[in-house]
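S.K.: This is target08.pdb, which holds PDB, C-alpha atoms, pLDDT in the B column:
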```pdb
ATOM      1  CA  MET A   1     328.308  96.213  44.679  1.00 56.00           C
ATOM      2  CA  SER A   2     327.513  98.746  42.015  1.00 61.00           C
ATOM      3  CA  GLY A   3     327.763  98.391  38.242  1.00 81.00           C
ATOM      4  CA  PRO A   4     330.207 101.313  37.901  1.00 84.00           C
ATOM      5  CA  GLU A   5     332.655  99.537  40.208  1.00 93.00           C
ATOM      6  CA  LEU A   6     332.564  96.380  38.098  1.00 92.00           C
ATOM      7  CA  THR A   7     332.921  98.420  34.924  1.00 92.00           C
ATOM      8  CA  LEU A   8     336.019 100.144  36.284  1.00 96.00           C
ATOM      9  CA  LEU A   9     337.547  96.857  37.452  1.00 97.00           C
ATOM     10  CA  THR A  10     336.765  95.157  34.136  1.00 97.00           C
ATOM     11  CA  ALA A  11     337.766  97.881  31.695  1.00 96.00           C
ATOM     12  CA  GLY A  12     340.033 100.283  33.597  1.00 97.00           C
ATOM     13  CA  ARG A  13     343.751 100.685  32.993  1.00 97.00           C
ATOM     14  CA  VAL A  14     345.674  98.899  35.742  1.00 98.00           C
ATOM     15  CA  GLU A  15     348.763 100.493  37.305  1.00 98.00           C
ATOM     16  CA  VAL A  16     350.692  98.730  40.066  1.00 98.00           C
ATOM     17  CA  LEU A  17     351.293 101.023  43.059  1.00 98.00           C
ATOM     18  CA  GLY A  18     353.089  98.587  45.329  1.00 97.00           C
ATOM     19  CA  ARG A  19     353.147  95.151  46.891  1.00 97.00           C
ATOM     20  CA  ILE A  20     350.998  94.263  49.906  1.00 94.00           C
ATOM     21  CA  MET A  21     353.375  92.283  52.094  1.00 90.00           C
ATOM     22  CA  SER A  22     350.974  90.624  54.542  1.00 82.00           C
ATOM     23  CA  GLY A  23     350.031  87.616  52.383  1.00 79.00           C
ATOM     24  CA  SER A  24     351.963  84.462  51.507  1.00 85.00           C
ATOM     25  CA  ASN A  25     351.213  84.986  47.813  1.00 94.00           C
ATOM     26  CA  ALA A  26     352.221  88.042  45.792  1.00 96.00           C
ATOM     27  CA  THR A  27     349.465  90.635  46.201  1.00 97.00           C
ATOM     28  CA  PHE A  28     349.525  94.174  44.846  1.00 98.00           C
ATOM     29  CA  LEU A  29     347.737  97.445  45.428  1.00 98.00           C
ATOM     30  CA  VAL A  30     346.823  98.865  42.044  1.00 98.00           C
ATOM     31  CA  GLU A  31     345.016 101.875  40.669  1.00 98.00           C
ATOM     32  CA  VAL A  32     342.383 101.245  38.024  1.00 98.00           C
ATOM     33  CA  SER A  33     341.388 104.222  35.911  1.00 97.00           C
ATOM     34  CA  CYS A  34     339.034 104.913  33.041  1.00 94.00           C
ATOM     35  CA  GLY A  35     338.727 108.494  31.878  1.00 92.00           C
ATOM     36  CA  VAL A  36     338.263 110.716  34.939  1.00 93.00           C
ATOM     37  CA  ASP A  37     337.276 107.767  37.158  1.00 95.00           C
ATOM     38  CA  SER A  38     339.845 105.937  39.246  1.00 96.00           C
ATOM     39  CA  ALA A  39     339.985 103.744  42.330  1.00 97.00           C
ATOM     40  CA  TRP A  40     342.232 101.348  44.193  1.00 98.00           C
ATOM     41  CA  ALA A  41     341.979  97.582  43.841  1.00 98.00           C
ATOM     42  CA  VAL A  42     343.793  94.502  45.109  1.00 98.00           C
ATOM     43  CA  TYR A  43     345.490  92.480  42.366  1.00 98.00           C
ATOM     44  CA  LYS A  44     346.400  88.808  42.842  1.00 98.00           C
ATOM     45  CA  PRO A  45     348.216  87.436  39.781  1.00 98.00           C
ATOM     46  CA  GLU A  46     348.467  83.719  39.167  1.00 98.00           C
ATOM     47  CA  ALA A  47     352.186  84.226  38.578  1.00 97.00           C
ATOM     48  CA  GLY A  48     352.582  85.232  42.231  1.00 96.00           C
ATOM     49  CA  GLU A  49     350.876  82.192  43.727  1.00 97.00           C
ATOM     50  CA  ARG A  50     352.899  79.861  45.923  1.00 95.00           C
ATOM     51  CA  PRO A  51     352.425  76.226  44.778  1.00 95.00           C
ATOM     52  CA  LEU A  52     350.184  74.199  47.082  1.00 96.00           C
ATOM     53  CA  SER A  53     349.747  70.443  47.362  1.00 94.00           C
ATOM     54  CA  ASP A  54     345.978  70.604  47.945  1.00 94.00           C
ATOM     55  CA  PHE A  55     344.893  73.403  45.595  1.00 97.00           C
ATOM     56  CA  ASP A  56     345.656  73.702  41.898  1.00 95.00           C
ATOM     57  CA  ALA A  57     347.204  76.877  40.502  1.00 96.00           C
ATOM     58  CA  GLY A  58     344.684  79.552  39.655  1.00 97.00           C
ATOM     59  CA  LEU A  59     343.572  80.639  43.122  1.00 98.00           C
ATOM     60  CA  TYR A  60     342.446  83.911  41.564  1.00 98.00           C
ATOM     61  CA  ARG A  61     339.495  81.998  40.076  1.00 98.00           C
ATOM     62  CA  ARG A  62     338.355  81.105  43.575  1.00 98.00           C
ATOM     63  CA  GLU A  63     338.469  84.777  44.539  1.00 98.00           C
ATOM     64  CA  ARG A  64     336.054  85.460  41.696  1.00 98.00           C
ATOM     65  CA  ALA A  65     333.941  82.426  42.622  1.00 98.00           C
ATOM     66  CA  ALA A  66     333.557  83.665  46.206  1.00 98.00           C
ATOM     67  CA  TYR A  67     332.296  86.998  44.908  1.00 98.00           C
ATOM     68  CA  LEU A  68     329.820  85.253  42.615  1.00 98.00           C
ATOM     69  CA  LEU A  69     328.580  83.118  45.512  1.00 98.00           C
ATOM     70  CA  SER A  70     328.112  86.201  47.682  1.00 98.00           C
ATOM     71  CA  GLU A  71     326.197  87.922  44.899  1.00 98.00           C
ATOM     72  CA  ALA A  72     324.054  84.859  44.136  1.00 98.00           C
ATOM     73  CA  LEU A  73     323.016  84.784  47.780  1.00 98.00           C
ATOM     74  CA  GLY A  74     322.402  88.539  47.837  1.00 98.00           C
ATOM     75  CA  TRP A  75     324.617  88.904  50.906  1.00 98.00           C
ATOM     76  CA  GLY A  76     327.175  91.490  49.748  1.00 98.00           C
ATOM     77  CA  ILE A  77     329.986  89.923  51.785  1.00 98.00           C
ATOM     78  CA  VAL A  78     332.738  89.902  49.141  1.00 98.00           C
ATOM     79  CA  PRO A  79     333.862  93.135  47.434  1.00 98.00           C
ATOM     80  CA  SER A  80     333.461  93.338  43.661  1.00 98.00           C
ATOM     81  CA  THR A  81     335.958  90.937  42.094  1.00 98.00           C
ATOM     82  CA  VAL A  82     336.790  90.284  38.449  1.00 98.00           C
ATOM     83  CA  VAL A  83     339.371  88.299  36.498  1.00 98.00           C
ATOM     84  CA  ARG A  84     341.697  90.312  34.251  1.00 98.00           C
ATOM     85  CA  GLU A  85     343.713  88.562  31.563  1.00 97.00           C
ATOM     86  CA  ASP A  86     345.500  91.789  30.621  1.00 97.00           C
ATOM     87  CA  ALA A  87     346.754  92.889  34.048  1.00 97.00           C
ATOM     88  CA  PRO A  88     350.403  94.014  34.320  1.00 97.00           C
ATOM     89  CA  LEU A  89     351.768  90.736  35.725  1.00 97.00           C
ATOM     90  CA  GLY A  90     349.442  88.441  33.841  1.00 98.00           C
ATOM     91  CA  VAL A  91     346.071  86.895  34.560  1.00 98.00           C
ATOM     92  CA  GLY A  92     344.729  87.356  38.056  1.00 98.00           C
ATOM     93  CA  SER A  93     341.913  88.731  40.167  1.00 98.00           C
ATOM     94  CA  LEU A  94     341.136  92.385  40.794  1.00 98.00           C
ATOM     95  CA  GLN A  95     339.092  93.164  43.886  1.00 98.00           C
ATOM     96  CA  TRP A  96     337.687  96.525  44.919  1.00 98.00           C
ATOM     97  CA  PHE A  97     339.779  97.993  47.746  1.00 98.00           C
ATOM     98  CA  ILE A  98     337.903  98.456  51.022  1.00 97.00           C
ATOM     99  CA  GLU A  99     338.747 101.504  53.113  1.00 96.00           C
ATOM    100  CA  ASP A 100     338.809 100.333  56.733  1.00 96.00           C
ATOM    101  CA  ASP A 101     340.409 100.787  60.134  1.00 95.00           C
ATOM    102  CA  HIS A 102     343.345  98.372  60.091  1.00 91.00           C
ATOM    103  CA  GLN A 103     343.153  98.017  63.876  1.00 95.00           C
ATOM    104  CA  GLU A 104     339.788  96.297  63.524  1.00 98.00           C
ATOM    105  CA  HIS A 105     339.328  92.646  62.583  1.00 98.00           C
ATOM    106  CA  TYR A 106     337.111  89.726  63.588  1.00 98.00           C
ATOM    107  CA  PHE A 107     338.386  89.401  67.164  1.00 98.00           C
ATOM    108  CA  THR A 108     338.063  93.114  67.942  1.00 98.00           C
ATOM    109  CA  LEU A 109     334.667  93.363  66.255  1.00 98.00           C
ATOM    110  CA  TYR A 110     333.320  90.366  68.169  1.00 98.00           C
ATOM    111  CA  GLU A 111     334.546  91.756  71.488  1.00 98.00           C
ATOM    112  CA  ASP A 112     333.827  95.444  71.018  1.00 98.00           C
ATOM    113  CA  ALA A 113     331.019  95.742  68.454  1.00 98.00           C
ATOM    114  CA  PRO A 114     328.073  93.481  69.310  1.00 98.00           C
ATOM    115  CA  GLU A 115     326.046  95.233  66.619  1.00 98.00           C
ATOM    116  CA  THR A 116     328.197  93.379  64.059  1.00 98.00           C
ATOM    117  CA  HIS A 117     327.446  89.884  65.424  1.00 98.00           C
ATOM    118  CA  ALA A 118     324.666  89.085  62.946  1.00 98.00           C
ATOM    119  CA  ALA A 119     326.953  89.975  60.031  1.00 98.00           C
ATOM    120  CA  LEU A 120     329.815  87.954  61.534  1.00 98.00           C
ATOM    121  CA  ALA A 121     327.583  84.902  61.977  1.00 98.00           C
ATOM    122  CA  GLN A 122     326.496  85.299  58.356  1.00 98.00           C
ATOM    123  CA  ILE A 123     330.144  85.153  57.298  1.00 99.00           C
ATOM    124  CA  ALA A 124     330.493  81.947  59.334  1.00 98.00           C
ATOM    125  CA  LEU A 125     327.666  80.428  57.283  1.00 98.00           C
ATOM    126  CA  PHE A 126     329.177  81.742  54.048  1.00 99.00           C
ATOM    127  CA  ASP A 127     332.511  80.131  54.952  1.00 99.00           C
ATOM    128  CA  TYR A 128     330.837  76.784  55.577  1.00 98.00           C
ATOM    129  CA  VAL A 129     329.070  76.894  52.214  1.00 98.00           C
ATOM    130  CA  ALA A 130     332.281  78.006  50.450  1.00 98.00           C
ATOM    131  CA  ASN A 131     334.439  75.577  52.476  1.00 98.00           C
ATOM    132  CA  ASN A 132     336.844  78.362  53.373  1.00 98.00           C
ATOM    133  CA  ALA A 133     340.167  76.913  54.512  1.00 98.00           C
ATOM    134  CA  ASP A 134     341.675  80.243  55.582  1.00 98.00           C
ATOM    135  CA  ARG A 135     339.331  82.617  57.453  1.00 98.00           C
ATOM    136  CA  LYS A 136     341.818  84.565  59.519  1.00 98.00           C
ATOM    137  CA  SER A 137     340.654  87.356  61.797  1.00 98.00           C
ATOM    138  CA  GLY A 138     342.275  89.929  59.523  1.00 97.00           C
ATOM    139  CA  HIS A 139     340.175  88.698  56.609  1.00 98.00           C
ATOM    140  CA  VAL A 140     337.117  90.356  58.169  1.00 98.00           C
ATOM    141  CA  LEU A 141     336.904  94.112  57.643  1.00 98.00           C
ATOM    142  CA  ARG A 142     334.539  96.844  58.714  1.00 98.00           C
ATOM    143  CA  GLY A 143     334.403  99.396  55.929  1.00 97.00           C
ATOM    144  CA  SER A 144     334.357 103.134  56.542  1.00 95.00           C
ATOM    145  CA  ASP A 145     330.566 102.981  56.043  1.00 95.00           C
ATOM    146  CA  GLY A 146     330.202 100.296  58.739  1.00 97.00           C
ATOM    147  CA  HIS A 147     329.578  97.414  56.332  1.00 98.00           C
ATOM    148  CA  ILE A 148     331.223  94.098  57.253  1.00 98.00           C
ATOM    149  CA  TRP A 149     333.259  92.475  54.484  1.00 98.00           C
ATOM    150  CA  GLY A 150     335.082  89.200  53.977  1.00 98.00           C
ATOM    151  CA  ILE A 151     338.237  89.115  51.851  1.00 98.00           C
ATOM    152  CA  ASP A 152     340.937  86.606  50.811  1.00 98.00           C
ATOM    153  CA  HIS A 153     339.009  83.645  49.431  1.00 98.00           C
ATOM    154  CA  GLY A 154     341.680  81.911  47.350  1.00 98.00           C
ATOM    155  CA  LEU A 155     341.488  78.771  49.509  1.00 98.00           C
ATOM    156  CA  CYS A 156     337.792  78.048  49.109  1.00 98.00           C
ATOM    157  CA  PHE A 157     335.600  75.474  47.360  1.00 98.00           C
ATOM    158  CA  ALA A 158     337.788  72.380  47.711  1.00 98.00           C
ATOM    159  CA  ALA A 159     335.870  69.114  47.365  1.00 98.00           C
ATOM    160  CA  PRO A 160     337.288  67.605  50.619  1.00 98.00           C
ATOM    161  CA  PHE A 161     336.020  69.353  53.758  1.00 98.00           C
ATOM    162  CA  LYS A 162     338.724  71.871  54.707  1.00 98.00           C
ATOM    163  CA  LEU A 163     336.939  74.487  56.805  1.00 98.00           C
ATOM    164  CA  ARG A 164     339.462  76.440  58.895  1.00 98.00           C
ATOM    165  CA  THR A 165     338.260  79.635  60.511  1.00 98.00           C
ATOM    166  CA  VAL A 166     338.514  81.800  63.608  1.00 98.00           C
ATOM    167  CA  ILE A 167     334.730  82.307  63.631  1.00 98.00           C
ATOM    168  CA  TRP A 168     333.572  79.656  66.100  1.00 98.00           C
ATOM    169  CA  ASP A 169     331.832  81.927  68.610  1.00 98.00           C
ATOM    170  CA  PHE A 170     328.457  81.258  66.971  1.00 98.00           C
ATOM    171  CA  ALA A 171     328.892  77.478  66.645  1.00 98.00           C
ATOM    172  CA  GLY A 172     325.629  75.660  67.274  1.00 98.00           C
ATOM    173  CA  ASP A 173     323.512  78.808  67.017  1.00 98.00           C
ATOM    174  CA  PRO A 174     320.287  78.479  65.010  1.00 98.00           C
ATOM    175  CA  ILE A 175     320.554  79.881  61.477  1.00 98.00           C
ATOM    176  CA  PRO A 176     317.859  82.475  60.702  1.00 98.00           C
ATOM    177  CA  GLN A 177     315.248  81.117  58.323  1.00 98.00           C
ATOM    178  CA  ALA A 178     315.882  83.958  55.879  1.00 98.00           C
ATOM    179  CA  LEU A 179     319.494  82.805  55.446  1.00 98.00           C
ATOM    180  CA  LEU A 180     318.427  79.188  55.032  1.00 98.00           C
ATOM    181  CA  ASP A 181     316.017  80.355  52.341  1.00 98.00           C
ATOM    182  CA  ASP A 182     318.855  82.233  50.623  1.00 98.00           C
ATOM    183  CA  ILE A 183     321.125  79.186  50.376  1.00 98.00           C
ATOM    184  CA  GLY A 184     318.321  76.723  49.624  1.00 98.00           C
ATOM    185  CA  ALA A 185     318.492  77.064  45.845  1.00 96.00           C
ATOM    186  CA  LEU A 186     322.139  75.937  45.879  1.00 98.00           C
ATOM    187  CA  ALA A 187     321.086  72.500  47.068  1.00 97.00           C
ATOM    188  CA  GLY A 188     319.602  71.849  43.640  1.00 95.00           C
ATOM    189  CA  ALA A 189     321.809  73.885  41.291  1.00 96.00           C
ATOM    190  CA  VAL A 190     324.916  76.080  41.410  1.00 97.00           C
ATOM    191  CA  PRO A 191     324.727  79.229  39.238  1.00 96.00           C
ATOM    192  CA  GLY A 192     326.371  78.804  35.846  1.00 95.00           C
ATOM    193  CA  GLU A 193     329.367  81.147  35.998  1.00 96.00           C
ATOM    194  CA  LEU A 194     330.195  80.056  39.536  1.00 98.00           C
ATOM    195  CA  ALA A 195     330.023  76.406  38.493  1.00 98.00           C
ATOM    196  CA  THR A 196     332.362  76.986  35.537  1.00 98.00           C
ATOM    197  CA  LEU A 197     335.082  78.216  37.913  1.00 98.00           C
ATOM    198  CA  LEU A 198     334.987  74.947  39.879  1.00 98.00           C
ATOM    199  CA  ASP A 199     335.353  71.314  38.870  1.00 97.00           C
ATOM    200  CA  ASP A 200     332.488  68.829  39.022  1.00 98.00           C
ATOM    201  CA  ALA A 201     333.580  67.365  42.356  1.00 98.00           C
ATOM    202  CA  GLU A 202     333.755  70.840  43.926  1.00 98.00           C
ATOM    203  CA  VAL A 203     330.291  71.730  42.649  1.00 98.00           C
ATOM    204  CA  SER A 204     328.824  68.508  44.018  1.00 98.00           C
ATOM    205  CA  ALA A 205     330.549  69.013  47.374  1.00 98.00           C
ATOM    206  CA  LEU A 206     329.158  72.541  47.644  1.00 98.00           C
ATOM    207  CA  GLN A 207     325.657  71.187  47.105  1.00 98.00           C
ATOM    208  CA  ARG A 208     326.160  68.472  49.720  1.00 98.00           C
ATOM    209  CA  ARG A 209     327.320  71.049  52.289  1.00 98.00           C
ATOM    210  CA  VAL A 210     324.222  73.116  51.620  1.00 98.00           C
ATOM    211  CA  GLN A 211     321.953  70.075  51.863  1.00 98.00           C
ATOM    212  CA  ARG A 212     323.523  69.144  55.193  1.00 98.00           C
ATOM    213  CA  ILE A 213     323.218  72.592  56.739  1.00 98.00           C
ATOM    214  CA  LEU A 214     319.596  72.823  55.605  1.00 98.00           C
ATOM    215  CA  GLN A 215     318.935  69.661  57.590  1.00 98.00           C
ATOM    216  CA  GLU A 216     320.903  70.701  60.674  1.00 98.00           C
ATOM    217  CA  THR A 217     319.753  74.395  60.643  1.00 98.00           C
ATOM    218  CA  VAL A 218     322.531  75.440  63.043  1.00 98.00           C
ATOM    219  CA  LEU A 219     325.979  76.850  62.436  1.00 98.00           C
ATOM    220  CA  PRO A 220     328.665  74.148  62.336  1.00 97.00           C
ATOM    221  CA  VAL A 221     330.512  73.052  65.455  1.00 97.00           C
ATOM    222  CA  ASP A 222     334.199  72.094  65.489  1.00 97.00           C
ATOM    223  CA  ARG A 223     334.397  69.079  67.758  1.00 94.00           C
ATOM    224  CA  THR A 224     338.106  68.591  67.022  1.00 95.00           C
ATOM    225  CA  GLY A 225     339.278  72.004  68.204  1.00 94.00           C
ATOM    226  CA  MET A 226     341.711  71.963  65.289  1.00 96.00           C
ATOM    227  CA  ARG A 227     339.890  73.793  62.520  1.00 98.00           C
ATOM    228  CA  TYR A 228     341.800  77.054  62.844  1.00 98.00           C
ATOM    229  CA  PRO A 229     344.019  78.814  60.282  1.00 97.00           C
ATOM    230  CA  TRP A 230     347.530  79.989  61.077  1.00 95.00           C
ATOM    231  CA  PRO A 231     348.348  82.677  61.881  1.00 95.00           C
ATOM    232  CA  LEU A 232     345.035  83.533  63.527  1.00 97.00           C
ATOM    233  CA  VAL A 233     345.115  87.179  62.460  1.00 96.00           C
TER     234      VAL A 233
END
```
Would you write out, as structure tokens, the structure that this file holds?
M.R.:
Amino acid sequence: MSGPELTLLTAGRVEVLGRIMSGSNATFLVEVSCGVDSAWAVYKPEAGERPLSDFDAGLYRRERAAYLLSEALGWGIVPSTVVREDAPLGVGSLQWFIEDDHQEHYFTLYEDAPETHAALAQIALFDYVANNADRKSGHVLRGSDGHIWGIDHGLCFAAPFKLRTVIWDFAGDPIPQALLDDIGALAGAVPGELATLLDDAEVSALQRRVQRILQETVLPVDRTGMRYPWPLV
């Protein structure tokens, strides 16, 4: 996404407008403003995170890491996301708000919008690389400009394999060579800022996932039938 968006998220004054009630963790709609420029963003403070047994506190860092991964690959899947230490409820992530039709999500897009299938399959590959443990249908958005986005990446990048997703319709499909070329560099090195947001075991596991998918060259298949998040939407 554009530099002005990141500048506004990084330097803008943050005002809480209200709580978004759909998530299990405290999530807020905020307005960020700098001079005459303003926009909405989604704020996820660490203070609002529900303790988990399999992820350390600081899920907001994984939101930022997912954005950095998307940018490193050049895929533009994750909206601009920054970490703000000075946000109203303490440190957390700020993500650019995507205007979308709330009636649309992965299931409706897959059924009704075949023109989105390539973008949806790309998100499936992204989720494998990121080890996304929570790809619900509602975490896939079609923006007002038609672009397909993925949001809610706080449960990504664990070292143990935790992939849970609703996107299994493309399982076993060949991965386009261009996408394999995009992820190839990660097999040898993870970009610096992304790596600093993860621990050494998580970085190594990311590289192993990439190395494996480069060998298999098809989207992963769930042979257990159990790798789904809950709720599905």
S.K.: For the structure provided, state which residues fall under the PyMOL selection byres ((chain A and resi 147) around 10), and present them as a PDB file with C-alpha atoms, keeping the file's coordinate frame.
M.R.:
```pdb
ATOM      1  CA  GLY A  76     327.175  91.490  49.748  1.00 98.00           C
ATOM      2  CA  ILE A  77     329.986  89.923  51.785  1.00 98.00           C
ATOM      3  CA  ILE A  98     337.903  98.456  51.022  1.00 97.00           C
ATOM      4  CA  ASP A 100     338.809 100.333  56.733  1.00 96.00           C
ATOM      5  CA  THR A 116     328.197  93.379  64.059  1.00 98.00           C
ATOM      6  CA  ALA A 119     326.953  89.975  60.031  1.00 98.00           C
ATOM      7  CA  LEU A 141     336.904  94.112  57.643  1.00 98.00           C
ATOM      8  CA  ARG A 142     334.539  96.844  58.714  1.00 98.00           C
ATOM      9  CA  GLY A 143     334.403  99.396  55.929  1.00 97.00           C
ATOM     10  CA  SER A 144     334.357 103.134  56.542  1.00 95.00           C
ATOM     11  CA  ASP A 145     330.566 102.981  56.043  1.00 95.00           C
ATOM     12  CA  GLY A 146     330.202 100.296  58.739  1.00 97.00           C
ATOM     13  CA  ILE A 148     331.223  94.098  57.253  1.00 98.00           C
ATOM     14  CA  TRP A 149     333.259  92.475  54.484  1.00 98.00           C
TER      15      TRP A 149
END
```
S.K.: Which of these, A:Gly90, A:Pro220, A:Gly74, A:Gly48, has the shortest distance to Ile20 of chain A once you count all atoms listed in the file?
M.R.: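 Counting all atoms listed in the file, the residue closest to Ile20 of chain A is A:Gly48.
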S.K.: Show which residues sit within 8 Å of Phe28 of chain A, as a list in words. Count all atoms listed in the file, and ignore same-chain residues fewer than 4 positions away.
M.R.: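 The neighbour list is Val16, Leu17, Gly18, Arg19, Ile20, Val42, Tyr43 and Lys44 of chain A.
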S.K.: Which is closest to Phe126 of chain A among A:Ser22, A:Gln211, A:Ser70, A:Ser80, if we use only C-alpha atoms?
M.R.: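 Of A:Ser22, A:Gln211, A:Ser70, A:Ser80, the one nearest Phe126 of chain A is A:Ser70, counting only C-alpha atoms.
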S.K.: Need to verify the contact set: Cys156 of chain A, 7 Å, only C-alpha atoms, exclusion of same-chain residues closer than 5 positions in sequence. Can you return it as a list in words?
M.R.: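 In the requested form, the answer reads Arg62, Ala130, Asn131, Asn132 and Ala133 of chain A.
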S.K.: Selected residues, C-alpha atoms, written as a PDB file, in the coordinates of the input, please.
M.R.:
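Wrote selection-v8.pdb, looks like this:
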```
ATOM      1  CA  ARG A  62     338.355  81.105  43.575  1.00 98.00           C
ATOM      2  CA  ALA A 130     332.281  78.006  50.450  1.00 98.00           C
ATOM      3  CA  ASN A 131     334.439  75.577  52.476  1.00 98.00           C
ATOM      4  CA  ASN A 132     336.844  78.362  53.373  1.00 98.00           C
ATOM      5  CA  ALA A 133     340.167  76.913  54.512  1.00 98.00           C
TER       6      ALA A 133
END
```
S.K.: Taking only residues of segment 13-67 of chain A that have an atom at most 12 Å from an atom of segment 198-205 of chain A, what is each one's shortest atom pair and its distance in Å to one decimal, using all atoms listed in the file, in chain and number order, as a Markdown table?
M.R.:
```
| residue | atom | partner | partner_atom | distance |
| --- | --- | --- | --- | --- |
| A:Phe55 | CA | A:Leu198 | CA | 11.5 |
| A:Asp56 | CA | A:Leu198 | CA | 10.9 |
| A:Gly58 | CA | A:Leu198 | CA | 10.7 |
| A:Leu59 | CA | A:Leu198 | CA | 10.8 |
| A:Tyr60 | CA | A:Leu198 | CA | 11.8 |
| A:Arg61 | CA | A:Leu198 | CA | 8.4 |
| A:Arg62 | CA | A:Leu198 | CA | 7.9 |
| A:Glu63 | CA | A:Leu198 | CA | 11.4 |
| A:Arg64 | CA | A:Leu198 | CA | 10.7 |
| A:Ala65 | CA | A:Leu198 | CA | 8.0 |
| A:Ala66 | CA | A:Leu198 | CA | 10.9 |
```
S.K.: Hey, what comes out of the PyMOL selection byres ((chain A and resi 229) around 8) on this file? Could you write it as an MDAnalysis selection string?
M.R.: chainID A and resid 133:136 164:166 227:228 230:232
S.K.: For His105 of chain A, work out the shell of residues within 8 Å, counting all atoms listed in the file and skipping chain neighbours fewer than 5 positions away, then give it as a PyMOL selection string.
M.R.: chain A and resi 137-142+233
S.K.: Within 12 Å of Leu94 of chain A, counting only C-alpha atoms, which residues qualify if same-chain residues fewer than 5 places away don't, as number ranges by chain?
M.R.: A: 5-16, 27-32, 39-46, 60-64, 67, 79-89, 151-152
S.K.: With only C-alpha atoms as the basis for distance, which of A:Gly150, A:Pro176, A:Gly225, A:Gly188 is at the shortest distance from Phe97 of chain A?
M.R.: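 Between A:Gly150, A:Pro176, A:Gly225, A:Gly188, the residue approaching Phe97 of chain A most closely is A:Gly150.
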